[in-house]
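*Asks:* To start, I am sharing the structure in question, which I have written as structure tokens.
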Amino acid sequence: MVSLTLGELANALESEYLGDETLRIERVVHPAEATSASDLALVLEKSVIPLLMEKSISTALVPEEIPASQIPIPNQIRVRRPKVALAKLLDIFEKPPSVPPGIHPSAVIDPTAVIDPEAHIGPLCSVGSNTIIGKGTRLVSHVSVGADGVIGDDCTLFPGVYVGDRVRLGNRVIIQANASIGNDGYSYVTEEVGSVETARKTGKIEAQNAKIIRINSIGTVVLEDEVEIGANACVDRATLGETRIQRGTKIDNLVQVAHNVTIGQNCLITSQVGIAGSAKIGDRVVMGGQAGLKDHITIGEDVIIAPKTGVTDDVDPRTILIGFHGVPRKEFLKQEMYIKRIKSYAQRIEALEERLAKLESGTRPVEVESPV
Amino acid sequence: MVSLTLGELANALESEYLGDETLRIERVVHPAEATSASDLALVLEKSVIPLLMEKSISTALVPEEIPASQIPIPNQIRVRRPKVALAKLLDIFEKPPSVPPGIHPSAVIDPTAVIDPEAHIGPLCSVGSNTIIGKGTRLVSHVSVGADGVIGDDCTLFPGVYVGDRVRLGNRVIIQANASIGNDGYSYVTEEVGSVETARKTGKIEAQNAKIIRINSIGTVVLEDEVEIGANACVDRATLGETRIQRGTKIDNLVQVAHNVTIGQNCLITSQVGIAGSAKIGDRVVMGGQAGLKDHITIGEDVIIAPKTGVTDDVDPRTILIGFHGVPRKEFLKQEMYIKRIKSYAQRIEALEERLAKLESGTRPVEVESPV
Amino acid sequence: MVSLTLGELANALESEYLGDETLRIERVVHPAEATSASDLALVLEKSVIPLLMEKSISTALVPEEIPASQIPIPNQIRVRRPKVALAKLLDIFEKPPSVPPGIHPSAVIDPTAVIDPEAHIGPLCSVGSNTIIGKGTRLVSHVSVGADGVIGDDCTLFPGVYVGDRVRLGNRVIIQANASIGNDGYSYVTEEVGSVETARKTGKIEAQNAKIIRINSIGTVVLEDEVEIGANACVDRATLGETRIQRGTKIDNLVQVAHNVTIGQNCLITSQVGIAGSAKIGDRVVMGGQAGLKDHITIGEDVIIAPKTGVTDDVDPRTILIGFHGVPRKEFLKQEMYIKRIKSYAQRIEALEERLAKLESGTRPVEVESPV
């Protein structure tokens, strides 16, 4: 169990503190769970302050923008950006998955594989021929790594992860449970012109997909340093070259990354997003849950795509895109506004019709009523 | 093979019967598959009655609302709510996954784990240190259970299931293949204010996500009694406390339950639903396929959310929500109606313009035509 | 490493060639990756031609519709349909997953299972009782096959695949990593009339789901010859009979196929599609990513369903369906057009109101301005 003093922790967080600097902190908790002075209660939002008083909490991490006088807590660590402080705290109080060091006897390691002596290969993992696994890397259990691959240093691969032949991972890559990296791309062609080809050209279905021919994938996948992949997410190998996810990009659970895709640095791709084949995504792009990208399109840098948005064309840098048929945010808001007003337009048309009918029949209104 | 008499079965279903009470029933089948009197054909809907006659079926389970005289079948079990009867029947004729009793020699069990002697631990499973596994629980094969966890009695975990460290399962929990329970939450923060924070405040992207910092998850997941989780579904652990799914809730395949979420009792969450971080879902909520919930929102009791609906705000109890940008059902139907009428509004505007132009030019219409 | 001459390859592709027929081709590459004459650069689109010149590429596969005179490359294979040629090429240069022949000693095979001597059972796989596995079939690693099943010849099952009891696979079936075949169906009933039943009838929630009763699945799944299933996809077993996917149908990653569904031949079902229980899909249907199908509906032959489309009713053959609430393409385009025009309708209403007010007040406009 980790245990630091209040002073040491404040120091690690480069923050001020109030109270007893020698107090030992043993747990980081939500205020609702604090039971003793050694529990550091986290105050990420003002809304929990009443709870602090109710529970007579004596040790807390608080945003420095709340004046100390407003929080009647003897021991305080006062931080600038509470979520950043939380991240640092949970680095210190981290609970990594338990894997004994060395190679578990139940693991199946090809004799030509090169496993760093400081790697941890847990129970029932397998590693194929010629694959290299770096220092400090942990394969928790039931991980399958293919042949001719490279896994860097300090990576963590959770149970059930599949990493196919020839796939290359950088350092500090994290892959959550049951993710599949290096699947064959979903790539087929019909012997003659197929239904989708005709539909694209003419808007009609003028052919049948009589026979579907598989296009094998002989390329691979590269995940650069600090890439993280969520549980049950999929990254398909390229047809010829590489599907590549660049440094620092974080991918959530159940995301689909198809063959030949490239994703830039520091992107945030949240759960259940689908990215179709050969799409190119710039740096620092953020995609909300269940959004979908068409194949072969290009997304500029710093784009934000709202949840559930469907993207069917290239997107300029720094655009916020939203909608079933995704459009820039301003356009979407206008469209929503006009749709909401249809009812009032209908009423105004009706009023116009009545007034016009009166005019046409030769009568003049005595007073003009408001049409809405 | 199970085999009961017609009389015994009718009794088990608390239902009336007609015909030979000593007849042995060996299979429960769709009418199309019935081949002998020992096959009990299921009539869940009136539409299959012609089929019964065609196939001269002699034994069937039928809704009691169909008069016996209308069904020329000698042996009948007559039930009130056919799907409930079906559930009871398939409890009797159940075909559970085959797992030999005891611990398979290929399984890797930490010596400190406490496995009930009546648990079934199938081939190639692993159980971590200090974890407790209850009576009658079946780990089919390739199941990975971490350290310091609890799995109750009579649970079934199918192949490839991952249950992380410290996760706690109640009794009679069922987890389908390759589901991942206890993944790290998708939680990151940027050192300085990031693009999404600015977009939320100003509607514009005014910052770049220069560096993305990981927030580790040190919390856990709790699945209460009778919870069921679908294949390849994901439940992430909480940052600090618990992600909790309450008693009796059923979750379908490929669903995402993010960190810190709480889901009430007896909810039905169907396939490919996404529930973002810290959402709170009341009891008996039903969510249709591919629906999505924003983070930190609260869904009241007995809410029904239609398939594909996007939910971005709190929802009052007993609401039916629908739409890309989810709204209450009544509002959605009105909106759809107005959109469908736009064409007629356009025609009425055109007619008004013509009539007005005539008035303005001094001519009077001889007859007023219907504008639509 | 495969190596054929230019002449042999052209022959295999039934195509013409130019240049040195004895030249040995060792790799098939994107033009950007070609480094020597033995690299065959692929020209699938005209847009890469400038790259060919820049890199002085000397060997390429090109569409025959580009005149040889326009491509200054000495060695050319000239093909009619480049993607079809690519498929044939990648059949020749294929890189299948590495699995040693025979049964790996770490695999757990029930003594009653019948494994063809020419099957490859990789490390840490398990096969249940009475299951038959055909000639040339490869279980790469960590594959779990249940009892009483049949797996045909020349199938490939990637790591982490689950195939449940009684499931039957044809020949040449491919299942990507961590897919789950034969899960229990998501099928429940409430003891008394539940919330969804009342909502369907009355549009209101008039009952609570007090108790949820499980309906066990005792049916199975059949995947016919040449069916392919993507990574982390799910196919649930039928309640009684079979969930069946017919010959040649290809299913992408993370797709949900619920219980009792039948899918015809040669369908293309792309990533993250959801197909609810008992839906019937005709032959050669194409479904775009993240589309969703309601339960119990029927989709005709040769239908194309656009990405993200929600399908709630039966669909006639050869229809192109699109939209959140899916409608035929023509209707959808009209609807989109009318919505885009709402702003101009609003302006025309305003202009009408002004002109009418003038008429009503007895003044005549001097000139009639264009209302838009």
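Just remember, in the structure tokens the first chain shown is A, the second B, etc., residues are 1-based per chain, and ligands are 1-based in the order shown.
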Write out, as a Markdown table, each residue of chain A that has an atom at most 7 Å from chain B, together with the closest pair of atoms and their distance in Å to one decimal, counting only C-alpha atoms, rows going by chain and rising number.
*Replies:*
```
| residue | atom | partner | partner_atom | distance |
| --- | --- | --- | --- | --- |
| A:Val29 | CA | B:Leu240 | CA | 6.1 |
| A:His30 | CA | B:Leu240 | CA | 6.6 |
| A:Lys83 | CA | B:Val189 | CA | 6.5 |
| A:Val84 | CA | B:Val189 | CA | 6.3 |
| A:Leu86 | CA | B:Ile215 | CA | 7.0 |
| A:Ala87 | CA | B:Ile215 | CA | 4.4 |
| A:Leu90 | CA | B:Asn216 | CA | 5.5 |
| A:Asp91 | CA | B:Asn216 | CA | 6.6 |
| A:Glu94 | CA | B:Ile218 | CA | 6.3 |
| A:Lys95 | CA | B:Ile218 | CA | 5.7 |
| A:Pro97 | CA | B:Asp165 | CA | 6.7 |
| A:Ser98 | CA | B:Ala147 | CA | 7.0 |
| A:Pro123 | CA | B:Val108 | CA | 6.9 |
| A:Pro159 | CA | B:Tyr162 | CA | 6.4 |
| A:Gly160 | CA | B:Gly160 | CA | 6.5 |
| A:Gln176 | CA | B:Asn183 | CA | 6.4 |
| A:Ala177 | CA | B:Ser180 | CA | 6.1 |
| A:Asn178 | CA | B:Asn178 | CA | 6.5 |
| A:Ala231 | CA | B:Ser180 | CA | 6.7 |
| A:Asn232 | CA | B:Asn232 | CA | 6.4 |
| A:Asp252 | CA | B:Tyr186 | CA | 6.2 |
| A:Asn266 | CA | B:Ile212 | CA | 6.6 |
| A:Arg284 | CA | B:Asn209 | CA | 6.0 |
| A:Asp302 | CA | B:Gln208 | CA | 6.7 |
| A:Arg318 | CA | B:Ile205 | CA | 6.1 |
| A:Ile342 | CA | B:Tyr338 | CA | 6.4 |
| A:Lys343 | CA | B:Tyr338 | CA | 6.6 |
| A:Ala346 | CA | B:Tyr345 | CA | 6.8 |
| A:Ile349 | CA | B:Ile349 | CA | 7.0 |
| A:Glu353 | CA | B:Leu352 | CA | 6.9 |
| A:Glu360 | CA | B:Arg364 | CA | 6.6 |
```
*Asks:* Over all Cα atoms in order, fit chain B to chain A and jot down the RMSD to one decimal place.
*Replies:* 0.2 Å
*Asks:* As a VMD selection string, please: every residue in segment 149-252 of chain A that DSSP puts in strand (DSSP E).
*Replies:* chain A and resid 150 to 151 156 to 157 162 to 163 168 to 169 174 to 175 180 to 183 188 to 190 212 to 214 220 to 223 228 to 229 234 to 236 242 to 245 250 to 251
*Asks:* Considering only C-alpha atoms, return as an MDAnalysis selection string whatever protein or nucleic-acid residues lie within 6 Å of Glu21 of chain C, sequence-local ones (same chain, fewer than 2 positions apart) excluded.
*Replies:* chainID C and resid 6:7 23
*Asks:* If you run DSSP on the backbone, which residues of segment 191-263 of chain C are helix (DSSP H, G or I), as a list in words?
*Replies:*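 After running DSSP on the backbone, segment 191-263 of chain C has helix (DSSP H, G or I) at Ser195, Val196, Glu197, Thr198, Ala199, Arg200, Lys201 and Thr202 of chain C.
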*Asks:* May I have the selected residues written with N, CA and C atoms, as a PDB file, in the first residue's frame?
*Replies:*
```pdb
ATOM      1  N   SER C 195     -43.699  -2.695 -19.626  1.00  0.00           N
ATOM      2  CA  SER C 195     -43.757  -1.292 -20.052  1.00  0.00           C
ATOM      3  C   SER C 195     -43.724  -1.153 -21.571  1.00  0.00           C
ATOM      4  N   VAL C 196     -42.922  -1.968 -22.234  1.00  0.00           N
ATOM      5  CA  VAL C 196     -42.794  -1.827 -23.682  1.00  0.00           C
ATOM      6  C   VAL C 196     -44.088  -2.265 -24.378  1.00  0.00           C
ATOM      7  N   GLU C 197     -44.701  -3.331 -23.880  1.00  0.00           N
ATOM      8  CA  GLU C 197     -45.978  -3.771 -24.465  1.00  0.00           C
ATOM      9  C   GLU C 197     -47.032  -2.670 -24.390  1.00  0.00           C
ATOM     10  N   THR C 198     -47.109  -1.990 -23.245  1.00  0.00           N
ATOM     11  CA  THR C 198     -48.111  -0.913 -23.134  1.00  0.00           C
ATOM     12  C   THR C 198     -47.728   0.270 -24.023  1.00  0.00           C
ATOM     13  N   ALA C 199     -46.446   0.587 -24.081  1.00  0.00           N
ATOM     14  CA  ALA C 199     -46.014   1.735 -24.897  1.00  0.00           C
ATOM     15  C   ALA C 199     -46.349   1.489 -26.369  1.00  0.00           C
ATOM     16  N   ARG C 200     -46.185   0.237 -26.808  1.00  0.00           N
ATOM     17  CA  ARG C 200     -46.483  -0.077 -28.216  1.00  0.00           C
ATOM     18  C   ARG C 200     -47.969   0.094 -28.518  1.00  0.00           C
ATOM     19  N   LYS C 201     -48.802  -0.296 -27.551  1.00  0.00           N
ATOM     20  CA  LYS C 201     -50.242  -0.238 -27.785  1.00  0.00           C
ATOM     21  C   LYS C 201     -50.808   1.162 -27.642  1.00  0.00           C
ATOM     22  N   THR C 202     -50.362   1.883 -26.618  1.00  0.00           N
ATOM     23  CA  THR C 202     -51.044   3.136 -26.273  1.00  0.00           C
ATOM     24  C   THR C 202     -50.157   4.371 -26.410  1.00  0.00           C
TER      25      THR C 202
END
```
*Asks:* Need to verify the contact set: Val303 of chain B, 10 Å, only C-alpha atoms, exclusion of same-chain residues closer than 4 positions in sequence. Can you return it as a list in words?
*Replies:*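 What passes the distance filter is Cys267, Ile281, Gly282, Asp283, Arg284, Val285, Val286, Met287, Ile299, Val315, Asp316, Pro317, Arg318, Thr319, Ile320 and Leu321 of chain B; Ser195, Val196, Ile205 and Gln208 of chain C.
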*Asks:* Only C-alpha atoms, please: the residues just picked out, written as a PDB file, in the first residue's frame.
*Replies:*
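Output saved as again_15.pdb:
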```pdb
ATOM      1  CA  CYS B 267     -33.298  -2.567 -16.703  1.00  0.00           C
ATOM      2  CA  ILE B 281     -29.973   5.155 -14.835  1.00  0.00           C
ATOM      3  CA  GLY B 282     -33.070   4.473 -12.720  1.00  0.00           C
ATOM      4  CA  ASP B 283     -34.896   1.189 -12.193  1.00  0.00           C
ATOM      5  CA  ARG B 284     -36.710  -0.619 -15.005  1.00  0.00           C
ATOM      6  CA  VAL B 285     -35.341   1.593 -17.783  1.00  0.00           C
ATOM      7  CA  VAL B 286     -35.511   0.083 -21.289  1.00  0.00           C
ATOM      8  CA  MET B 287     -33.007   1.191 -23.947  1.00  0.00           C
ATOM      9  CA  ILE B 299     -32.453   8.844 -16.462  1.00  0.00           C
ATOM     10  CA  VAL B 315     -34.923  12.423 -18.585  1.00  0.00           C
ATOM     11  CA  ASP B 316     -37.997  12.443 -16.313  1.00  0.00           C
ATOM     12  CA  PRO B 317     -39.435   9.130 -15.111  1.00  0.00           C
ATOM     13  CA  ARG B 318     -41.911   7.294 -17.388  1.00  0.00           C
ATOM     14  CA  THR B 319     -40.862   9.249 -20.486  1.00  0.00           C
ATOM     15  CA  ILE B 320     -40.630   7.683 -23.955  1.00  0.00           C
ATOM     16  CA  LEU B 321     -37.670   9.316 -25.663  1.00  0.00           C
TER      17      LEU B 321
ATOM     18  CA  SER C 195     -43.757  -1.292 -20.052  1.00  0.00           C
ATOM     19  CA  VAL C 196     -42.794  -1.827 -23.682  1.00  0.00           C
ATOM     20  CA  ILE C 205     -45.932   3.671 -20.186  1.00  0.00           C
ATOM     21  CA  GLN C 208     -43.655  -1.635 -14.723  1.00  0.00           C
TER      22      GLN C 208
END
```
*Asks:* So which residues touch Ala41 of chain C within 9 Å, counting only C-alpha atoms, skipping near sequence neighbours fewer than 2 positions away, as a list of chain:residue names?
*Replies:*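 What passes the distance filter is C:Arg27, C:Val28, C:Val29, C:His30, C:Pro31, C:Ala32, C:Glu33, C:Ala34, C:Asp39, C:Val43, C:Leu52, C:Ile57, C:Ser58, C:Thr59, C:Ala60, C:Leu61, C:Val62.
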*Asks:* Print the selection's residues with N, CA and C atoms to a file, as a PDB file, in the first residue's frame.
*Replies:*
```pdb
ATOM      1  N   ARG C  27       7.451  -8.860 -54.517  1.00  0.00           N
ATOM      2  CA  ARG C  27       6.507  -8.181 -53.607  1.00  0.00           C
ATOM      3  C   ARG C  27       5.440  -7.441 -54.403  1.00  0.00           C
ATOM      4  N   VAL C  28       4.291  -7.295 -53.810  1.00  0.00           N
ATOM      5  CA  VAL C  28       3.222  -6.471 -54.358  1.00  0.00           C
ATOM      6  C   VAL C  28       3.120  -5.262 -53.437  1.00  0.00           C
ATOM      7  N   VAL C  29       3.265  -4.048 -53.979  1.00  0.00           N
ATOM      8  CA  VAL C  29       3.375  -2.879 -53.097  1.00  0.00           C
ATOM      9  C   VAL C  29       2.572  -1.686 -53.623  1.00  0.00           C
ATOM     10  N   HIS C  30       2.305  -0.755 -52.740  1.00  0.00           N
ATOM     11  CA  HIS C  30       1.810   0.559 -53.125  1.00  0.00           C
ATOM     12  C   HIS C  30       2.981   1.269 -53.825  1.00  0.00           C
ATOM     13  N   PRO C  31       2.697   2.081 -54.874  1.00  0.00           N
ATOM     14  CA  PRO C  31       3.794   2.742 -55.582  1.00  0.00           C
ATOM     15  C   PRO C  31       4.765   3.469 -54.647  1.00  0.00           C
ATOM     16  N   ALA C  32       4.250   4.002 -53.547  1.00  0.00           N
ATOM     17  CA  ALA C  32       5.117   4.746 -52.628  1.00  0.00           C
ATOM     18  C   ALA C  32       6.170   3.852 -51.986  1.00  0.00           C
ATOM     19  N   GLU C  33       5.941   2.557 -51.993  1.00  0.00           N
ATOM     20  CA  GLU C  33       6.844   1.636 -51.290  1.00  0.00           C
ATOM     21  C   GLU C  33       7.766   0.856 -52.226  1.00  0.00           C
ATOM     22  N   ALA C  34       7.618   1.055 -53.535  1.00  0.00           N
ATOM     23  CA  ALA C  34       8.429   0.283 -54.491  1.00  0.00           C
ATOM     24  C   ALA C  34       9.888   0.714 -54.421  1.00  0.00           C
ATOM     25  N   ASP C  39       9.620  -5.301 -57.305  1.00  0.00           N
ATOM     26  CA  ASP C  39       8.395  -4.846 -56.620  1.00  0.00           C
ATOM     27  C   ASP C  39       7.356  -4.479 -57.671  1.00  0.00           C
ATOM     28  N   VAL C  43      -1.368   0.142 -59.523  1.00  0.00           N
ATOM     29  CA  VAL C  43      -2.008   1.384 -59.950  1.00  0.00           C
ATOM     30  C   VAL C  43      -3.513   1.131 -60.025  1.00  0.00           C
ATOM     31  N   LEU C  52       4.381   7.457 -60.033  1.00  0.00           N
ATOM     32  CA  LEU C  52       5.154   6.445 -60.763  1.00  0.00           C
ATOM     33  C   LEU C  52       6.363   7.068 -61.433  1.00  0.00           C
ATOM     34  N   ILE C  57       9.488   4.210 -61.313  1.00  0.00           N
ATOM     35  CA  ILE C  57       9.094   2.818 -61.092  1.00  0.00           C
ATOM     36  C   ILE C  57       9.188   2.044 -62.406  1.00  0.00           C
ATOM     37  N   SER C  58       9.716   0.829 -62.329  1.00  0.00           N
ATOM     38  CA  SER C  58       9.906   0.086 -63.577  1.00  0.00           C
ATOM     39  C   SER C  58       8.956  -1.091 -63.759  1.00  0.00           C
ATOM     40  N   THR C  59       8.187  -1.457 -62.714  1.00  0.00           N
ATOM     41  CA  THR C  59       7.268  -2.586 -62.835  1.00  0.00           C
ATOM     42  C   THR C  59       5.938  -2.215 -62.181  1.00  0.00           C
ATOM     43  N   ALA C  60       4.849  -2.374 -62.903  1.00  0.00           N
ATOM     44  CA  ALA C  60       3.555  -1.981 -62.331  1.00  0.00           C
ATOM     45  C   ALA C  60       2.401  -2.774 -62.918  1.00  0.00           C
ATOM     46  N   LEU C  61       1.343  -2.897 -62.093  1.00  0.00           N
ATOM     47  CA  LEU C  61       0.068  -3.418 -62.568  1.00  0.00           C
ATOM     48  C   LEU C  61      -0.815  -2.201 -62.833  1.00  0.00           C
ATOM     49  N   VAL C  62      -1.364  -2.109 -64.057  1.00  0.00           N
ATOM     50  CA  VAL C  62      -2.119  -0.909 -64.433  1.00  0.00           C
ATOM     51  C   VAL C  62      -3.453  -1.292 -65.092  1.00  0.00           C
TER      52      VAL C  62
END
```
